[in-house]
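Written out below as structure tokens is the structure these notes cover.
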Amino acid sequence: MDIATMVAFYVLAVATIASGLGVIVFKDAVHSALSLILTLIFLALFYLQLGAMFIAIVQILIYAGAIMVLFLFVVTMLAPDGDELQRDRISWQRIVGGVLGLSLVGALSYLLFTGASVSAATKAAPADGLQAVVNTQGNIEAFGQALFHGFAFPFEVTSLLIVVAILGAMVFGRRA
Amino acid sequence: MQLSAYLIVSAILFTIGVIGVLVRRSPLVIFMSIELMLNAVNLSFVAFSHFLNSADGQMFVFLVLTVAAAEVVVGLAIIVSIFRTRRNIDVDEMNVLRG
């Protein structure tokens, strides 16, 4: 655990949480979408730090590059209105939202610090686990072996899911 | 860094997404908060994959990514069709079930 990894982690953590807050704080929906793109890119840097190179690149290509572009299409088409500047129907909504959010973070942190310790599971990790394959063949080969040896059936089912989603979008997109 | 550090960042991002879903009134920003929650869980999965020395976490991230893409497609189609009929997408005004 060297100092460079710690500095990188803290910088990335602050940046990710700041851009995540930007998603829910900005009044303009386009600014929220751009802030979400920034959050996705910082999360991809987290994945790089954790050694998941393929997932990091796929995150930037698919999530930030295709899904968020779709979001921006719809956001700019629907012409974000100024209704959000009016008062909410429940005036104390934001305060209660903040309090509930703080209690959720508190509960999750409490569970993290008093739950089962992970160090025992890490010591018991198999010798032919992910790190061994990554050290010999690289991350993409390790990812490919895991995907097509253990997860081939879910991989095929996702193709069915995508076909169903495309059909659903086409049905919804028709002029009535 | 320890595993709990990554999990705390993931928990904070997840909570930010939950607050966004509860407080905002534009369905597009609510949808973006849902995507933020999905990404927070992806970070947890990749952190567990690294610290438990197993590729299963990255497999789950791959599947979550695919499901999120399909969900965004259908959800945005629904929002667009609602906008076509009502010309207004404020969720506080969507209180009638008929199309």
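Ordered as shown in the structure tokens, chains take letters A, B, and onward, while each chain numbers its residues from 1 and ligands are numbered from 1 in the order shown.
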**Request:** Pull out every residue of chain B that has at least one atom within 8 Å of chain A, counting only C-alpha atoms, and report them as a ChimeraX atom specification.
**Result:** /B:1,3-4,7-9,11-13,15-20,22-26,28-29,32-33,36,39,43,46-47,50-56,58-59,61-63,65-67,69-74,76-78,80-81,83,90,92
Can you list, as a PDB file with C-alpha atoms, in the first residue's frame, every protein, DNA or RNA residue that comes within 7 Å of Gly57 in chain B when you count only C-alpha atoms, leaving out same-chain residues fewer than 6 positions away?
```pdb
ATOM      1  CA  PHE B  45     -18.623  -5.519  -7.466  1.00  0.00           C
ATOM      2  CA  VAL B  46     -15.258  -4.594  -8.973  1.00  0.00           C
ATOM      3  CA  PHE B  48     -14.918  -7.355  -4.321  1.00  0.00           C
ATOM      4  CA  SER B  49     -13.551  -8.934  -7.487  1.00  0.00           C
TER       5      SER B  49
END
```
**Message:** Could you tell me how far CA of Leu38 in chain A sits from CA of Ala15 in chain A, in Å to one decimal place?
**Reply:**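 Calculated distance between CA of Ala15 in chain A and CA of Leu38 in chain A is 9.0 Å.
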**Request:** One decimal, Å: what's the distance from CA of Leu34 in chain A over to CA of Ile60 in chain A, could you say?
**Result:** 13.6 Å
**Message:** Among chain B, which ones does DSSP assign to helix (DSSP H, G or I) (computed from the backbone)? Answer as number ranges by chain.
**Reply:** B: 3-23, 27-51, 56-86, 91-93
